[in-house]
Each structure stands twice: as structure tokens, then as C-alpha cells.
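model.txt (compact mmCIF, C-alpha atoms and all ligand atoms) appears below.
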# COMPACT_ATOMS: atom_id res chain seq x y z
CA MET A 25 21.41 3.80 -15.31
CA SER A 26 20.05 7.25 -15.86
CA GLY A 27 17.27 9.70 -15.27
CA ILE A 28 14.52 10.46 -17.75
CA THR A 29 13.69 13.86 -19.21
CA LEU A 30 10.52 14.70 -21.10
CA GLU A 31 10.56 18.02 -22.91
CA THR A 32 7.20 19.35 -24.13
CA VAL A 33 6.10 15.85 -25.06
CA ARG A 34 2.90 15.90 -27.04
CA LYS A 35 0.88 13.00 -28.34
CA GLU A 36 -2.12 13.33 -30.60
CA PHE A 37 -4.05 10.37 -31.93
CA GLY A 38 -5.90 10.37 -35.24
CA ASP A 39 -5.15 12.27 -38.40
CA GLY A 40 -7.18 14.81 -40.29
CA GLY A 41 -10.66 14.50 -38.77
CA GLU A 42 -11.07 13.76 -35.06
CA THR A 43 -7.84 14.09 -33.14
CA VAL A 44 -7.43 13.22 -29.49
CA LEU A 45 -4.81 15.15 -27.57
CA ALA A 46 -3.72 12.47 -25.09
CA VAL A 47 -0.53 14.13 -23.82
CA ASP A 48 -0.40 17.91 -23.80
CA ASP A 49 3.15 19.32 -23.80
CA VAL A 50 4.39 17.48 -20.76
CA ASP A 51 7.68 18.58 -19.17
CA LEU A 52 8.96 16.14 -16.60
CA GLU A 53 12.34 15.36 -15.13
CA ILE A 54 12.83 12.07 -13.31
CA ALA A 55 16.06 11.68 -11.36
CA ASP A 56 18.42 8.77 -11.72
CA GLY A 57 17.17 5.97 -9.47
CA GLU A 58 13.94 7.74 -8.61
CA PHE A 59 10.56 6.02 -8.14
CA LEU A 60 8.11 8.42 -9.76
CA VAL A 61 4.40 7.70 -9.67
CA LEU A 62 2.28 9.13 -12.47
CA VAL A 63 -1.27 9.37 -11.18
CA GLY A 64 -4.55 10.69 -12.53
CA PRO A 65 -8.09 9.66 -13.42
CA SER A 66 -8.85 7.12 -16.12
CA GLY A 67 -8.27 8.49 -19.63
CA CYS A 68 -5.99 11.35 -18.54
CA GLY A 69 -3.04 10.13 -20.62
CA LYS A 70 -0.93 8.07 -18.20
CA THR A 71 -0.58 4.97 -20.35
CA THR A 72 0.12 7.03 -23.44
CA THR A 73 2.86 8.96 -21.63
CA LEU A 74 4.41 5.68 -20.49
CA ARG A 75 4.19 4.18 -23.98
CA CYS A 76 5.90 7.27 -25.38
CA ILE A 77 8.73 6.81 -22.86
CA ALA A 78 8.93 3.12 -23.81
CA GLY A 79 9.04 3.92 -27.52
CA LEU A 80 5.82 2.04 -28.21
CA GLU A 81 4.25 5.28 -29.45
CA ASP A 82 5.91 7.96 -31.55
CA VAL A 83 5.55 11.39 -29.99
CA THR A 84 3.80 14.05 -32.06
CA ALA A 85 6.28 16.64 -30.73
CA GLY A 86 8.88 17.01 -28.02
CA THR A 87 11.87 14.98 -26.93
CA ILE A 88 12.57 12.16 -24.51
CA SER A 89 16.04 11.57 -23.10
CA PHE A 90 17.56 8.88 -20.88
CA GLY A 91 20.44 10.64 -19.16
CA THR A 92 22.09 12.69 -21.91
CA ARG A 93 20.97 10.26 -24.61
CA ASP A 94 18.11 11.49 -26.82
CA VAL A 95 16.01 8.37 -27.32
CA THR A 96 13.13 10.06 -29.20
CA PRO A 97 13.97 8.48 -32.56
CA LEU A 98 14.72 5.04 -31.10
CA ARG A 99 12.34 2.11 -31.24
CA ALA A 100 11.28 0.36 -28.05
CA ARG A 101 13.80 -2.46 -28.33
CA ASP A 102 16.69 -0.02 -28.69
CA ARG A 103 15.75 1.99 -25.59
CA ASP A 104 16.66 -0.56 -22.88
CA VAL A 105 13.41 -0.30 -20.95
CA ALA A 106 11.40 -3.06 -19.29
CA MET A 107 7.66 -2.74 -18.90
CA VAL A 108 5.30 -4.42 -16.48
CA PHE A 109 1.59 -4.26 -17.24
CA GLN A 110 -1.64 -4.94 -15.43
CA ASN A 111 -2.01 -8.05 -17.59
CA TYR A 112 1.04 -10.13 -16.86
CA ALA A 113 0.93 -11.79 -20.29
CA LEU A 114 2.95 -14.79 -19.19
CA TYR A 115 3.46 -17.57 -21.72
CA PRO A 116 0.99 -20.24 -20.51
CA HIS A 117 2.84 -23.23 -21.92
CA MET A 118 6.22 -22.21 -20.44
CA SER A 119 7.46 -22.87 -16.92
CA VAL A 120 8.16 -19.97 -14.57
CA LYS A 121 11.85 -20.51 -15.23
CA LYS A 122 11.38 -20.24 -19.00
CA ASN A 123 9.05 -17.25 -18.64
CA ILE A 124 11.62 -15.33 -16.62
CA GLY A 125 14.56 -16.26 -18.83
CA PHE A 126 12.80 -15.89 -22.17
CA GLY A 127 13.65 -12.24 -22.82
CA LEU A 128 17.31 -12.76 -21.98
CA ARG A 129 17.49 -15.71 -24.31
CA LEU A 130 16.23 -13.53 -27.15
CA SER A 131 18.16 -10.37 -26.46
CA THR A 132 21.58 -11.49 -25.22
CA GLN A 133 24.40 -13.83 -26.13
CA LEU A 134 24.51 -15.30 -22.61
CA SER A 135 25.05 -19.05 -22.29
CA SER A 136 22.27 -21.27 -20.96
CA ALA A 137 24.18 -21.74 -17.71
CA GLU A 138 24.54 -17.97 -17.26
CA ILE A 139 20.86 -17.44 -17.98
CA ASP A 140 19.91 -20.19 -15.50
CA SER A 141 21.95 -18.59 -12.77
CA ARG A 142 20.47 -15.16 -13.47
CA VAL A 143 16.96 -16.70 -13.38
CA GLU A 144 17.70 -18.34 -10.04
CA GLU A 145 19.09 -15.12 -8.60
CA THR A 146 16.03 -13.17 -9.75
CA ALA A 147 13.61 -15.80 -8.46
CA GLU A 148 15.31 -15.70 -5.09
CA MET A 149 15.03 -11.93 -4.95
CA LEU A 150 11.29 -12.26 -5.57
CA GLY A 151 10.77 -15.21 -3.24
CA ILE A 152 9.56 -17.56 -5.98
CA SER A 153 12.50 -19.99 -6.19
CA GLU A 154 10.32 -22.98 -5.39
CA LEU A 155 7.93 -22.13 -8.24
CA LEU A 156 10.45 -22.25 -11.09
CA GLY A 157 9.11 -25.55 -12.42
CA ASP A 158 5.44 -24.51 -12.30
CA LYS A 159 3.27 -23.29 -15.16
CA PRO A 160 1.52 -19.90 -14.83
CA LYS A 161 -1.93 -21.44 -14.38
CA GLU A 162 -0.72 -23.17 -11.20
CA LEU A 163 0.16 -19.81 -9.63
CA SER A 164 -1.87 -17.29 -7.64
CA GLY A 165 -2.32 -13.75 -8.96
CA GLY A 166 0.41 -12.45 -6.69
CA GLN A 167 2.83 -15.16 -7.80
CA GLN A 168 2.09 -14.46 -11.47
CA GLN A 169 2.80 -10.79 -10.88
CA ARG A 170 6.13 -11.69 -9.30
CA VAL A 171 7.01 -13.73 -12.38
CA ALA A 172 6.12 -10.77 -14.59
CA LEU A 173 8.36 -8.59 -12.43
CA GLY A 174 11.11 -11.18 -12.65
CA ARG A 175 10.95 -11.05 -16.41
CA ALA A 176 11.50 -7.29 -16.26
CA ILE A 177 14.17 -7.30 -13.55
CA ILE A 178 16.36 -9.98 -15.07
CA ARG A 179 17.09 -7.79 -18.06
CA GLU A 180 18.67 -5.15 -15.82
CA PRO A 181 17.18 -2.39 -17.93
CA GLU A 182 18.04 1.27 -17.73
CA VAL A 183 14.44 2.12 -16.92
CA PHE A 184 11.40 0.31 -15.47
CA LEU A 185 7.97 1.33 -16.70
CA MET A 186 5.00 -0.07 -14.80
CA ASP A 187 1.39 0.42 -15.83
CA GLU A 188 -1.06 -0.36 -13.00
CA PRO A 189 0.83 -3.59 -12.27
CA LEU A 190 -1.05 -4.35 -9.05
CA SER A 191 -4.61 -3.63 -10.22
CA ASN A 192 -5.57 -7.28 -10.61
CA LEU A 193 -4.64 -8.20 -7.05
CA ASP A 194 -6.95 -8.16 -4.05
CA ALA A 195 -6.59 -5.32 -1.55
CA LYS A 196 -4.44 -7.15 0.99
CA LEU A 197 -2.01 -8.56 -1.54
CA ARG A 198 -1.87 -5.22 -3.32
CA ALA A 199 -0.76 -3.51 -0.11
CA GLN A 200 1.89 -6.17 0.47
CA MET A 201 3.18 -6.01 -3.12
CA ARG A 202 3.38 -2.20 -2.91
CA THR A 203 5.89 -2.50 -0.10
CA GLU A 204 7.80 -5.30 -1.81
CA LEU A 205 7.99 -3.42 -5.05
CA GLN A 206 9.30 -0.30 -3.31
CA GLU A 207 11.95 -2.28 -1.45
CA LEU A 208 12.97 -4.04 -4.63
CA GLN A 209 13.22 -0.78 -6.55
CA HIS A 210 15.36 0.80 -3.85
CA GLN A 211 17.57 -2.27 -3.82
CA LEU A 212 18.00 -2.23 -7.61
CA GLY A 213 18.18 1.56 -7.87
CA THR A 214 16.62 1.50 -11.33
CA THR A 215 14.79 4.65 -12.42
CA THR A 216 11.11 3.74 -12.38
CA VAL A 217 7.92 5.33 -13.67
CA TYR A 218 4.88 3.73 -12.08
CA VAL A 219 1.41 4.51 -13.37
CA THR A 220 -1.74 4.23 -11.27
CA HIS A 221 -5.19 5.81 -11.09
CA ASP A 222 -5.20 5.14 -7.34
CA GLN A 223 -4.08 8.17 -5.38
CA THR A 224 -3.65 6.14 -2.20
CA GLU A 225 -1.16 3.93 -4.01
CA ALA A 226 0.60 6.98 -5.40
CA MET A 227 0.88 8.62 -1.98
CA ALA A 228 2.14 5.42 -0.40
CA MET A 229 4.73 4.52 -3.03
CA GLY A 230 6.16 7.54 -4.78
CA ASP A 231 9.42 9.33 -4.00
CA ARG A 232 7.57 11.99 -5.95
CA ILE A 233 4.21 11.90 -7.61
CA ALA A 234 3.17 13.54 -10.86
CA VAL A 235 -0.54 14.34 -11.05
CA MET A 236 -2.06 14.42 -14.51
CA ASN A 237 -5.47 15.48 -15.77
CA ASP A 238 -6.74 15.75 -19.33
CA GLY A 239 -3.28 15.19 -20.79
CA VAL A 240 -1.84 18.04 -18.73
CA LEU A 241 0.67 17.60 -15.93
CA GLN A 242 -0.83 19.43 -12.96
CA GLN A 243 1.87 19.13 -10.33
CA VAL A 244 5.00 17.16 -9.51
CA GLY A 245 6.20 16.88 -5.94
CA ARG A 246 6.73 14.76 -2.90
CA PRO A 247 3.48 13.21 -1.65
CA GLU A 248 3.25 15.54 1.36
CA GLU A 249 3.94 18.62 -0.78
CA VAL A 250 1.18 17.73 -3.20
CA TYR A 251 -1.19 17.03 -0.34
CA LEU A 252 -0.45 20.17 1.65
CA SER A 253 0.22 22.58 -1.18
CA PRO A 254 -1.77 21.54 -4.25
CA THR A 255 -1.35 23.90 -7.17
CA ASN A 256 -5.04 23.86 -7.94
CA GLU A 257 -8.45 22.59 -6.95
CA PHE A 258 -8.19 19.51 -9.16
CA VAL A 259 -5.08 18.27 -7.34
CA ALA A 260 -6.54 19.16 -3.93
CA ASP A 261 -9.66 17.16 -4.75
CA PHE A 262 -7.90 14.21 -6.37
CA ILE A 263 -5.29 13.66 -3.66
CA GLY A 264 -6.55 12.66 -0.21
CA SER A 265 -9.04 10.12 1.06
CA PRO A 266 -11.71 10.94 2.07
CA SER A 267 -11.61 13.91 -0.31
CA ILE A 268 -11.26 17.52 0.72
CA ASN A 269 -14.53 19.41 1.38
CA LEU A 270 -15.12 22.09 -1.25
CA PHE A 271 -17.72 24.81 -1.67
CA THR A 272 -18.02 28.37 -2.96
CA ALA A 273 -18.13 31.35 -0.60
CA ASP A 274 -18.75 35.06 -1.10
CA VAL A 275 -16.17 37.46 0.23
CA ASP A 276 -17.00 40.70 2.02
CA GLY A 277 -13.91 42.33 3.49
CA THR A 278 -12.46 39.60 5.68
CA THR A 279 -15.68 37.59 5.94
CA LEU A 280 -16.42 34.46 3.94
CA SER A 281 -20.05 33.40 3.67
CA GLY A 282 -21.16 30.19 2.08
CA PRO A 283 -23.98 27.65 1.96
CA GLY A 284 -26.13 26.81 4.98
CA GLY A 285 -25.16 29.89 6.94
CA PHE A 286 -21.42 29.17 6.74
CA THR A 287 -19.38 32.18 7.80
CA TYR A 288 -15.71 32.50 8.58
CA ASP A 289 -13.60 35.50 9.53
CA LEU A 290 -10.19 35.67 7.89
CA SER A 291 -7.29 37.32 9.69
CA ALA A 292 -6.51 39.44 6.62
CA ALA A 293 -8.32 40.46 3.45
CA SER A 294 -5.07 39.96 1.54
CA LEU A 295 -5.63 36.19 1.78
CA VAL A 296 -8.30 36.41 -0.92
CA ASP A 297 -6.35 38.98 -2.91
CA GLY A 298 -9.28 41.19 -3.98
CA ARG A 299 -11.63 38.38 -5.04
CA ASP A 300 -15.32 38.67 -4.24
CA ARG A 301 -15.87 34.91 -4.40
CA VAL A 302 -13.58 31.98 -3.63
CA ARG A 303 -13.69 28.21 -3.48
CA VAL A 304 -13.16 27.06 0.08
CA GLY A 305 -11.39 23.77 0.83
CA ILE A 306 -11.12 22.01 4.20
CA ARG A 307 -9.64 18.55 4.69
CA PRO A 308 -11.82 16.14 6.72
CA GLU A 309 -9.16 15.87 9.43
CA ASP A 310 -9.12 19.65 9.88
CA MET A 311 -12.83 19.88 10.71
CA THR A 312 -13.29 20.43 14.45
CA LEU A 313 -16.59 20.09 16.30
CA VAL A 314 -17.37 22.93 18.68
CA PRO A 315 -20.20 23.47 21.16
CA GLU A 316 -21.01 26.92 19.75
CA GLY A 317 -19.87 29.61 17.35
CA GLY A 318 -19.26 27.23 14.43
CA THR A 319 -21.29 26.44 11.32
CA GLN A 320 -24.29 24.19 11.92
CA ALA A 321 -24.62 20.96 9.97
CA THR A 322 -26.65 17.79 10.31
CA VAL A 323 -25.08 14.37 10.73
CA ASN A 324 -26.24 12.12 7.86
CA VAL A 325 -24.12 9.12 8.75
CA ALA A 326 -21.62 8.50 11.54
CA GLU A 327 -19.04 5.80 10.83
CA HIS A 328 -17.21 4.56 13.89
CA MET A 329 -13.88 3.14 12.77
CA GLY A 330 -12.46 2.34 16.20
CA ASN A 331 -9.43 4.64 16.12
CA GLU A 332 -11.35 7.55 14.57
CA ASN A 333 -14.82 8.47 13.41
CA PHE A 334 -16.02 9.71 10.05
CA LEU A 335 -19.02 12.00 9.98
CA TYR A 336 -20.90 12.62 6.76
CA LEU A 337 -22.57 15.97 7.29
CA ASP A 338 -25.26 17.79 5.42
CA LEU A 339 -24.65 21.49 4.85
CA ALA A 340 -27.58 22.91 2.85
CA GLY A 341 -27.69 19.86 0.60
CA ARG A 342 -23.90 19.49 0.30
CA GLU A 343 -22.15 16.54 1.86
CA LEU A 344 -19.12 17.37 3.96
CA THR A 345 -16.87 14.83 5.64
CA ALA A 346 -15.29 15.25 9.05
CA ARG A 347 -12.70 12.93 10.54
CA ILE A 348 -12.90 13.28 14.28
CA ASP A 349 -11.69 11.72 17.49
CA SER A 350 -13.17 8.31 18.23
CA ALA A 351 -14.30 9.53 21.66
CA ILE A 352 -16.75 11.99 20.07
CA ARG A 353 -19.74 10.01 18.88
CA PRO A 354 -22.61 12.09 17.52
CA LYS A 355 -25.61 10.21 16.13
CA ALA A 356 -27.26 10.33 12.73
CA GLY A 357 -29.80 13.15 12.58
CA GLN A 358 -28.07 15.18 15.26
CA THR A 359 -27.10 18.81 14.60
CA ILE A 360 -23.46 19.68 15.27
CA GLN A 361 -21.30 22.78 14.77
CA PHE A 362 -17.94 22.73 13.08
CA THR A 363 -15.05 25.08 12.60
CA PHE A 364 -11.37 24.89 11.55
CA GLU A 365 -8.08 26.73 11.96
CA GLU A 366 -7.23 29.33 9.34
CA GLU A 367 -3.87 27.60 8.95
CA ALA A 368 -5.74 24.55 7.60
CA LEU A 369 -7.87 26.48 5.13
CA TYR A 370 -7.37 26.15 1.37
CA LEU A 371 -8.71 28.78 -1.04
CA PHE A 372 -8.98 28.45 -4.82
CA ASP A 373 -9.83 30.85 -7.60
CA THR A 374 -13.43 30.23 -8.71
CA ARG A 375 -12.58 30.68 -12.39
CA THR A 376 -9.16 29.06 -12.88
CA GLY A 377 -9.13 26.67 -9.91
CA GLU A 378 -5.65 27.92 -9.09
CA ALA A 379 -4.67 27.77 -5.41
CA VAL A 380 -4.84 31.17 -3.69
CA LYS A 381 -3.99 29.88 -0.22
CA THR A 382 -2.88 26.40 0.82
CA LYS A 383 -2.46 24.73 4.12
CA THR A 384 1.20 25.27 4.77
CA ASP A 385 3.02 27.83 2.73
CA ASP A 386 5.58 28.02 5.54
CA ALA A 387 5.87 24.33 6.29
CA ASP A 388 6.23 23.72 2.58
CA ALA A 389 9.22 26.03 2.47
CA ASP A 390 10.70 23.95 5.31
CA VAL A 391 10.09 20.76 3.34
CA ARG A 392 11.80 22.27 0.31
CA ALA A 393 14.73 23.39 2.41
CA LEU A 394 15.07 19.87 3.78
CA ILE A 395 15.04 18.37 0.30
CA SER A 396 17.54 20.75 -1.19
CA GLY A 397 19.64 20.75 1.98
P1 LIG A 401 -5.01 6.53 -18.99
O1 LIG A 401 -3.91 5.51 -19.09
O2 LIG A 401 -4.65 7.68 -18.12
O3 LIG A 401 -6.31 5.92 -18.61
P2 LIG A 401 -4.68 6.75 -21.88
O4 LIG A 401 -3.29 7.21 -22.06
O5 LIG A 401 -4.94 5.31 -22.11
O6 LIG A 401 -5.21 7.18 -20.44
O7 LIG A 401 -5.62 7.57 -22.85
C1 LIG A 401 -5.58 8.97 -22.97
C2 LIG A 401 -6.52 9.43 -24.05
O8 LIG A 401 -6.02 9.00 -25.32
C3 LIG A 401 -7.92 8.85 -23.95
O9 LIG A 401 -8.82 9.83 -24.39
C4 LIG A 401 -7.89 7.68 -24.89
O10 LIG A 401 -9.15 7.40 -25.39
C5 LIG A 401 -6.97 8.19 -25.98
N1 LIG A 401 -6.22 7.09 -26.65
C6 LIG A 401 -5.35 6.25 -26.08
N2 LIG A 401 -4.81 5.42 -26.99
C7 LIG A 401 -5.39 5.72 -28.18
C8 LIG A 401 -5.25 5.24 -29.52
N3 LIG A 401 -4.42 4.23 -29.81
N4 LIG A 401 -6.00 5.83 -30.48
C9 LIG A 401 -6.83 6.84 -30.20
N5 LIG A 401 -7.00 7.37 -28.97
C10 LIG A 401 -6.28 6.83 -27.96
MG MG A 402 -4.00 3.45 -18.60
Written as C-alpha cells, how would this file's structure read?
Ligand code: ADP
Ligand code: MG
Amino acid sequence: MSGITLETVRKEFGDGGETVLAVDDVDLEIADGEFLVLVGPSGCGKTTTLRCIAGLEDVTAGTISFGTRDVTPLRARDRDVAMVFQNYALYPHMSVKKNIGFGLRLSTQLSSAEIDSRVEETAEMLGISELLGDKPKELSGGQQQRVALGRAIIREPEVFLMDEPLSNLDAKLRAQMRTELQELQHQLGTTTVYVTHDQTEAMAMGDRIAVMNDGVLQQVGRPEEVYLSPTNEFVADFIGSPSINLFTADVDGTTLSGPGGFTYDLSAASLVDGRDRVRVGIRPEDMTLVPEGGTQATVNVAEHMGNENFLYLDLAGRELTARIDSAIRPKAGQTIQFTFEEEALYLFDTRTGEAVKTKTDDADADVRALISG
């Protein structure tokens, strides 16, 4: 087994006239045995990146290596990867047993008895031993996905590539399969790249997550690093549910002033580094209601979740979200005041979107020390 290295991988589609730049000089290093989640909005280039790693697309430029082996010129079948897709593409006329063993039958010299025992072992690992005689149409969505996984696992590939493999499952099963898949991957120790557009899935599953937008890799890091210290406004906005609250504020000395009478006094002017405007970001869980001295906003909707409450607030026509203690229960239409700790404040450059201040510069250093230590 081995890690995967992408060096300035570029993929353009089309020739001459209209070209689409799907993958824009991506550098990415995935450690041996790592579970890396590639996440980003639809059309950002995730599938194309994965297909380049698989060898199903030729790269326009750049190199891809598995360990020290440069696989860029190799075709898919010579790369020793197994892919799992959203569409399981099981053979409908074959039993589960045949479906799982099919690839091995084609690609190895193993005897039928050896293949049978490998199929049984794999089925046991996935908890589908009793389904080996069934046809795909007799199976539930979750069972079909397990068979598709079995087909990939049995080959003991160097690398697993998974493209939104759980998207067709209902929410409950998806959550269950997430955990199973993680456990399985840790057990097998096979380097895995897992693609999803769902940031919740990415946060829950990844050893590290790689956030992509418009073909460009935005940030790679552990889920908590990406959440606490996003490199830019796109990442801050994409990661986290409900999303971070964002608006523009003018800067005068140490005072920020924004929409709806929002004002906030910074402890030091150096935090905005000479800018006269900034984008302000506050996570919903960092919004605190106060009796006075905060910014006034109107409650549009109050959602009582039992363990916590979500408030959807109106601030001069902008919707802000606050996640507050379940004991505090303001009503729709009521005016409240909110504030937040400076420690929790994010600031972004209005022009480039680059992060100027994030939530935990210090804590992030601690996290890094832990990782490297
Ligand atoms: P994602 O998986 O993140 O949704 P894709 O990798 O499928 O994104 O697509 C990235 C971009 O490349 C999109 O603009 C898409 O339309 C384009 N694209 C993907 N495959 C092809 C292709 N075979 N020919 C032309 N354009 C393509
Ligand atoms: Mg895709």
C-alpha cells in the first residue's frame, strides 16, 4: 500500500474552442493509509480529480504518484485502484456472490475455491454473508452498496476511490454506513480518497478534508482545523451547518460598523491590518444574547430543537442564525440583542476573501503541535 501524491495536476476538457478547466493545478499529498475526503460544491472538479487519480482521465499536465511510483502514464487497469460510485452498477443477472467475485475472476489466476473463500471472507466483513445467493434486485439500497463495496475490497487494491458512494441512501442508513465505512477503512488500512458534496459527511468522516472550489484546492486539513481556521471566506462559508454569518463592516480605528446599527470594538487596530472595510464572520454557536449593549435584531423564526434553539434573525434585511441555549426561548417578532467574544470573530479581506483573523490562531497552533508531536 502507499500514499498518493498529486503534483500540479491540471485537467482541461475540450480542444480548440471552448475549454473547461476542471482541475486547476492541484497539489495534494495523501498519506499511506489515510482517509481523505475531497469536498466541494457540485461542478467544482471532484469527480474529475478522482478519475485522474484512477487513470480514467488523462491529465492535461502534472504528475500522479502512488508511493514512489509515477502512475501518470498508466491506464486505469494498471494502477491497482478500486472505485466505488454512487451508482453501484451491479450485474443484475448475477448473484451477490458472483458480483463480488467477478473482478477477481477476470484479473487474477486464483482458483475457484480460492475466490469463493475470499468472497465469503469479504461478505462476512460486510455483514452480507446470508445474501450471497440473492440477486441485486432482491436487496435494499444499503445492501446493494455493501455488495459494491465488497467488489472493491476483495481486490485488495493499493488505493480506494469513492465518488459519493452513499448519496442514494436515506439519511439514517447514510449515517450508519458512514461509520461502517470508516471502521472498515481503518481495519483495512487502504489509502482512500472519498468524494462528497456534503460538508457534514466530510467533517464526520475525514482524517483530513480537502476543500475544492472551481477546480482549485482551497485548503487541506483536519476537520477542526478547517472549521476553526479557514483560509478564506469560501471555506468558512462552505464548512459548518448552519453556515457562518457573514456581512461587510466599515473600519474606523478599532471600531467595526455594519448593517442595522451593528458596531463592535476590537481590542487592537492591528487585527484589521490597515483595512477600511472587512467581511465579518460569526458562527451561529458564537452568537450570545445579551440584555443590553449588543446589536439589535428581530427574531424571524425560532426553532426549538430540544437540546438547543436556532434563531433566524433579521439584521437590516440580512438573515443571521444564532444557536442558543434551549432555556432561552424568544418568540418570533421579538427584538433581541446579540454580541460575541472577539476570540470567536472571523475577519476576511473584502477583495480576495482571504482570512485576516480566524477563531483560534493559538488553538490551531496547539492542534498542529499535537499532530506533529
Ligand atoms: P464535481 O464532481 O465536483 O461535481 P466534475 O469533476 O464532474 O465536478 O466537473 C468539473 C467541471 O468539469 C464541470 O464544469 C463539468 O461540467 C466539467 N466536465 C466534467 N467532465 C467533463 C467532460 N467529460 N467533458 C467536458 N466537461 C466536463
Ligand atoms: Mg461528481
Item to check | Polymer residues at most 7 Å from (-7.8, 25.1, 2.7) by only C-alpha atoms, as a PyMOL selection string | outcome: chain A and resi 304-306+368-371+381-383
Would you mind exporting C-alpha atoms of the selected residues as a PDB file, in the frame of the given file?
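Final output, saved to again-v6.pdb:
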ATOM      1  CA  VAL A 304     -13.160  27.060   0.080  1.00  0.00           C
ATOM      2  CA  GLY A 305     -11.390  23.770   0.830  1.00  0.00           C
ATOM      3  CA  ILE A 306     -11.120  22.010   4.200  1.00  0.00           C
ATOM      4  CA  ALA A 368      -5.740  24.550   7.600  1.00  0.00           C
ATOM      5  CA  LEU A 369      -7.870  26.480   5.130  1.00  0.00           C
ATOM      6  CA  TYR A 370      -7.370  26.150   1.370  1.00  0.00           C
ATOM      7  CA  LEU A 371      -8.710  28.780  -1.040  1.00  0.00           C
ATOM      8  CA  LYS A 381      -3.990  29.880  -0.220  1.00  0.00           C
ATOM      9  CA  THR A 382      -2.880  26.400   0.820  1.00  0.00           C
ATOM     10  CA  LYS A 383      -2.460  24.730   4.120  1.00  0.00           C
TER      11      LYS A 383
END
| said: Taking only C-alpha atoms and all ligand atoms into account, which residues have an atom no farther than 9 Å from ligand LIG 401 (chain A)? I'd like them as a PyMOL selection string. | reply: chain A and resi 35-38+43-47+63-75+81+187-188+219-221+236-239
Neighbours of Pro254 (chain A) within 12 Å (all atoms listed in the file; same-chain residues fewer than 3 positions away dropped), as a PyMOL selection string?
-> chain A and resi 233-235+242-251+257-264+268+305+370-372+377-385+388
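Each of A:Asn192, A:Gln110, A:Ser89, A:Gln206 was compared to ligand MG 402 (chain A) using all atoms listed in the file, and A:Gln110 turns out to be the nearest.
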Shortest contact to ligand MG 402 (chain A), candidates A:Met186, A:Ile177, A:Ile139, A:Leu193, atoms counted all atoms listed in the file, goes to A:Met186
Margin query: Could you tell me how far CA of Val302 (chain A) sits from CA of Thr374 (chain A), in Å to one decimal place?
Written below: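 Separation of CA of Thr374 (chain A) and CA of Val302 (chain A): 5.4 Å.
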For region 120-123 of chain A: contacts at 6 Å, all atoms listed in the file, fewer than 2 positions along chain excluded, given as a ChimeraX atom specification: /A:118,125-126,156,158-159
